[in-house]
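Below you'll find the structure, written out as structure tokens, and then a few comments.
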Amino acid sequence: MNKENFEYVFKQCLIASGDPKARLNPNQKQAKFDVEGAGQRWSLKTESGDSMSRNMVKVEKLTEALWIRESPTAEDCARNILEKVVPRLLDYDRIIVLRALRDDALITYSIEEIPQDVIYAALNQTRPEVFSKGVRGGKEAKSFGANYFKVDGGHRLFRMLLDTSVEKVRIWYTLEECLHHGYWTLPASTPTEVSEFAKPESVALPPQRDLQHGETSQEELPF
């Protein structure tokens with residue numbers, strides 16, 4: 001699944017929905033949004049693979065972080081999150097993740113939104129004590145990780161990993177806390193003729209939050 005294709009299609013959807021000035025970001029060195037349109041700056045992510053979690057939405061790269069290897073303590077990690085990651089989140093207004101879940105001959109795509117204001121507020125409260133290194137096979141991991149919980153003391157919102165192997169900040173966001181915008185299913189090998197599409201009798205859908213008929217959990221996308 002190609003992120004550049006997703007960005008282009010998303011931009012075209014914004015144009016078709018009434019914003020002829022929708023555009024791709026011409027300079028990501030200045031600001032990290034991917035697409036601008038409908039009065040919003042959009043950060044677009046993709047997720048696919050056989051090991052996809054059915055409970056968490058994975059963002060492979062929230063941001064690059066060359067400073068990770070120079071952050072040997074929890075205090076260093078907390079300081080750099082506040083000084084380098086939190087300001088980057090102000091470069092965009094919405095975070096959209098396109099997920100692709102393959103089940104035999106079918107692929108189900110879903111669009112989930114990670115609430116930008118929620119993740120911004122959580123990271124803006126980062127403290128050194130949230131960071132630790134896990135232990136595997138009796139050996140301490142090389143990378144620091146941290147869990148972030150709901151403000152009211154409830155369950156975990158997301159887990160963050162400061163991955164030293166690739167110098168990226170990765171997160172796993174709880175799926176039921178995302179805003180679900182819809183899904184569609186296609187044959188894994190897409191036919192060239194639309195008439196060849198066949199609606200499957202049953203499809204393994206990505207997990208959904210329990211909503212009553214007619215109930216919605218989020219603001220609609222502009223298209």
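Labeling convention for the structure tokens: chains A, B, ... as they appear, residues from 1 per chain, ligands from 1 in order of appearance.
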Which residues of stretch 29-61 of chain A come within 12 Å of stretch 141-162 of chain A, and for each one, what is the closest pair of atoms and their distance in Å to one decimal, counting only C-alpha atoms, sorted by chain and residue number, as CSV?
```
residue,atom,partner,partner_atom,distance
A:Asn55,CA,A:Phe158,CA,10.9
A:Met56,CA,A:Phe158,CA,8.2
A:Val57,CA,A:Phe158,CA,9.0
A:Lys58,CA,A:Phe158,CA,9.5
A:Val59,CA,A:Met160,CA,9.6
A:Glu60,CA,A:Leu161,CA,9.9
A:Lys61,CA,A:Leu161,CA,10.1
```
For those residues, write all heavy atoms to a file as a CSV table (one decimal), in the first residue's frame.
```
chain,number,residue,atom,x,y,z
A,55,ASN,N,-6.7,-4.6,17.7
A,55,ASN,CA,-7.1,-3.7,18.8
A,55,ASN,C,-6.4,-2.4,18.8
A,55,ASN,O,-6.8,-1.4,19.5
A,55,ASN,CB,-6.9,-4.4,20.2
A,55,ASN,CG,-7.6,-5.7,20.3
A,55,ASN,OD1,-8.8,-5.7,20.1
A,55,ASN,ND2,-6.9,-6.8,20.6
A,56,MET,N,-5.3,-2.3,18.1
A,56,MET,CA,-4.5,-1.1,18.1
A,56,MET,C,-4.2,-0.6,16.7
A,56,MET,O,-4.0,-1.4,15.8
A,56,MET,CB,-3.1,-1.3,18.8
A,56,MET,CG,-3.2,-2.0,20.2
A,56,MET,SD,-3.9,-0.9,21.4
A,56,MET,CE,-2.5,0.2,21.7
A,57,VAL,N,-4.2,0.7,16.5
A,57,VAL,CA,-3.8,1.3,15.2
A,57,VAL,C,-2.4,1.7,15.3
A,57,VAL,O,-2.0,2.5,16.2
A,57,VAL,CB,-4.7,2.5,14.8
A,57,VAL,CG1,-4.2,3.2,13.6
A,57,VAL,CG2,-6.1,2.1,14.7
A,58,LYS,N,-1.5,1.2,14.4
A,58,LYS,CA,-0.1,1.4,14.5
A,58,LYS,C,0.3,2.6,13.6
A,58,LYS,O,-0.1,2.6,12.4
A,58,LYS,CB,0.7,0.2,14.1
A,58,LYS,CG,2.2,0.4,14.2
A,58,LYS,CD,3.0,-0.9,13.8
A,58,LYS,CE,4.5,-0.7,13.9
A,58,LYS,NZ,5.2,-1.9,13.5
A,59,VAL,N,1.0,3.5,14.1
A,59,VAL,CA,1.6,4.6,13.3
A,59,VAL,C,3.1,4.3,13.3
A,59,VAL,O,3.8,4.5,14.3
A,59,VAL,CB,1.3,6.0,13.8
A,59,VAL,CG1,2.1,7.1,13.1
A,59,VAL,CG2,-0.2,6.3,13.8
A,60,GLU,N,3.6,3.8,12.1
A,60,GLU,CA,5.0,3.4,12.0
A,60,GLU,C,5.9,4.6,12.3
A,60,GLU,O,7.0,4.4,12.8
A,60,GLU,CB,5.2,2.9,10.6
A,60,GLU,CG,6.6,2.2,10.4
A,60,GLU,CD,6.7,0.9,11.1
A,60,GLU,OE1,5.7,0.3,11.4
A,60,GLU,OE2,7.9,0.5,11.3
A,61,LYS,N,5.5,5.8,11.8
A,61,LYS,CA,6.4,6.9,12.0
A,61,LYS,C,5.5,8.2,12.4
A,61,LYS,O,5.0,8.8,11.5
A,61,LYS,CB,7.3,7.2,10.8
A,61,LYS,CG,8.3,8.4,11.0
A,61,LYS,CD,9.1,8.7,9.8
A,61,LYS,CE,8.3,9.4,8.7
A,61,LYS,NZ,9.1,9.8,7.6
```
Exercise. Among stretch 85-189 of chain A, which ones does DSSP place in strand (DSSP E), written as a ChimeraX atom specification?
Worked result: /A:94-103,106-114,131-132,135-136,139-140,144-149,156-163,168-174,179-187
At a cut-off of 9 Å, can you tabulate as CSV every residue of stretch 163-188 of chain A near stretch 89-113 of chain A together with its closest atom pair and the distance in Å to one decimal, using only C-alpha atoms and ordering rows by chain then number?
```
residue,atom,partner,partner_atom,distance
A:Leu175,CA,A:Glu112,CA,8.2
A:Cys178,CA,A:Glu113,CA,5.4
A:Leu179,CA,A:Glu113,CA,4.8
A:His180,CA,A:Glu112,CA,4.7
A:His181,CA,A:Ile111,CA,5.4
A:Gly182,CA,A:Ser110,CA,5.7
A:Tyr183,CA,A:Ser110,CA,4.1
A:Trp184,CA,A:Tyr109,CA,5.4
A:Thr185,CA,A:Thr108,CA,4.3
A:Leu186,CA,A:Ile107,CA,5.5
A:Pro187,CA,A:Leu106,CA,4.5
A:Ala188,CA,A:Leu106,CA,4.8
```
Set the distance at 9 Å and use only C-alpha atoms: which residues neighbour A:Glu64 once local chain neighbours fewer than 4 positions away are removed? I'd like the list as a compact mmCIF listing (two decimals) with N, CA, C and O atoms, in the first residue's frame.
```txt
# COMPACT_ATOMS: atom_id res chain seq x y z
N VAL A 166 15.75 2.68 14.14
CA VAL A 166 15.43 3.45 12.94
C VAL A 166 15.27 4.94 13.23
O VAL A 166 14.95 5.72 12.33
N GLU A 167 15.45 5.32 14.49
CA GLU A 167 15.34 6.73 14.92
C GLU A 167 13.99 7.33 14.54
O GLU A 167 13.89 8.36 13.89
N LYS A 168 12.93 6.63 14.97
CA LYS A 168 11.57 7.09 14.73
C LYS A 168 10.75 6.98 16.01
O LYS A 168 11.01 6.11 16.86
N VAL A 169 9.76 7.86 16.13
CA VAL A 169 8.78 7.75 17.21
C VAL A 169 7.59 6.97 16.66
O VAL A 169 6.97 7.38 15.68
```
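Atom pair atom CA of A:Glu176 / atom CA of A:Pro115: separated by 11.7 Å.
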For this session: Quote the spacing between atom CA of A:Glu36 and atom CA of A:Lys11 in Å to one decimal place.
Result: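 So the two atoms, atom CA of A:Glu36 and atom CA of A:Lys11, lie 7.8 Å apart.
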For this session: Please provide the set of residues having any atom within 10 Å of A:Phe6, restricted to only C-alpha atoms, with same-chain residues fewer than 4 positions apart removed, written as a ChimeraX atom specification.
Result: /A:1-2,10-12,44-46,97-98
Problem set entry | Distance in Å - atom CA of A:Gly37 versus atom CA of A:Tyr173 |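 The value is 25.0 Å.
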What lies within 10 Å of A:Arg127 using only C-alpha atoms, ignoring chain neighbours under 6 positions off, as a compact mmCIF listing (two decimals) with C-alpha atoms, in the first residue's frame?
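Below is the file part.txt, written as the result:
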```
# COMPACT_ATOMS: atom_id res chain seq x y z
CA ALA A 74 14.15 8.98 30.84
CA GLU A 75 14.70 12.67 31.57
CA CYS A 77 13.34 11.37 26.48
CA ALA A 78 10.72 13.48 28.26
CA ARG A 79 12.52 16.72 27.44
CA ILE A 81 9.21 14.80 23.45
CA LEU A 82 8.15 18.18 24.85
CA ALA A 146 5.91 4.83 27.44
```
For this session: Can you check which residues of stretch 4-67 of chain A DSSP gives as alpha helix (DSSP H) on the backbone and send them as number ranges by chain?
Result: A: 4-16
Go ahead and save the picked residues with C-alpha atoms, as a PDB file, in the first residue's frame.
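Below you can see selection.pdb, which holds the result:
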```pdb
ATOM      1  CA  GLU A   4       1.971   8.678  -1.920  1.00  0.00           C
ATOM      2  CA  ASN A   5      -1.005   7.201  -3.781  1.00  0.00           C
ATOM      3  CA  PHE A   6      -3.161   7.684  -0.684  1.00  0.00           C
ATOM      4  CA  GLU A   7      -2.114  11.340  -0.457  1.00  0.00           C
ATOM      5  CA  TYR A   8      -2.993  11.953  -4.114  1.00  0.00           C
ATOM      6  CA  VAL A   9      -6.379  10.220  -3.895  1.00  0.00           C
ATOM      7  CA  PHE A  10      -7.194  12.065  -0.661  1.00  0.00           C
ATOM      8  CA  LYS A  11      -6.389  15.392  -2.315  1.00  0.00           C
ATOM      9  CA  GLN A  12      -8.572  14.520  -5.315  1.00  0.00           C
ATOM     10  CA  CYS A  13     -11.440  13.611  -2.977  1.00  0.00           C
ATOM     11  CA  LEU A  14     -11.172  17.028  -1.332  1.00  0.00           C
ATOM     12  CA  ILE A  15     -11.248  18.696  -4.752  1.00  0.00           C
ATOM     13  CA  ALA A  16     -14.261  16.635  -5.839  1.00  0.00           C
TER      14      ALA A  16
END
```
Problem set entry | Surrounding residues of A:Pro26 excluding itself and chain neighbours under 6 positions, 12 Å, only C-alpha atoms, as a ChimeraX atom specification | /A:32-36
I need the chosen residues saved as a PDB file, in the first residue's frame, with C-alpha atoms.
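The resulting file, out_4.pdb, is reproduced below:
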```pdb
ATOM      1  CA  LYS A  32       4.812  18.177   8.356  1.00  0.00           C
ATOM      2  CA  PHE A  33       1.241  17.984   7.036  1.00  0.00           C
ATOM      3  CA  ASP A  34       0.655  15.896   3.888  1.00  0.00           C
ATOM      4  CA  VAL A  35      -2.455  17.469   2.354  1.00  0.00           C
ATOM      5  CA  GLU A  36      -4.202  20.796   2.876  1.00  0.00           C
TER       6      GLU A  36
END
```
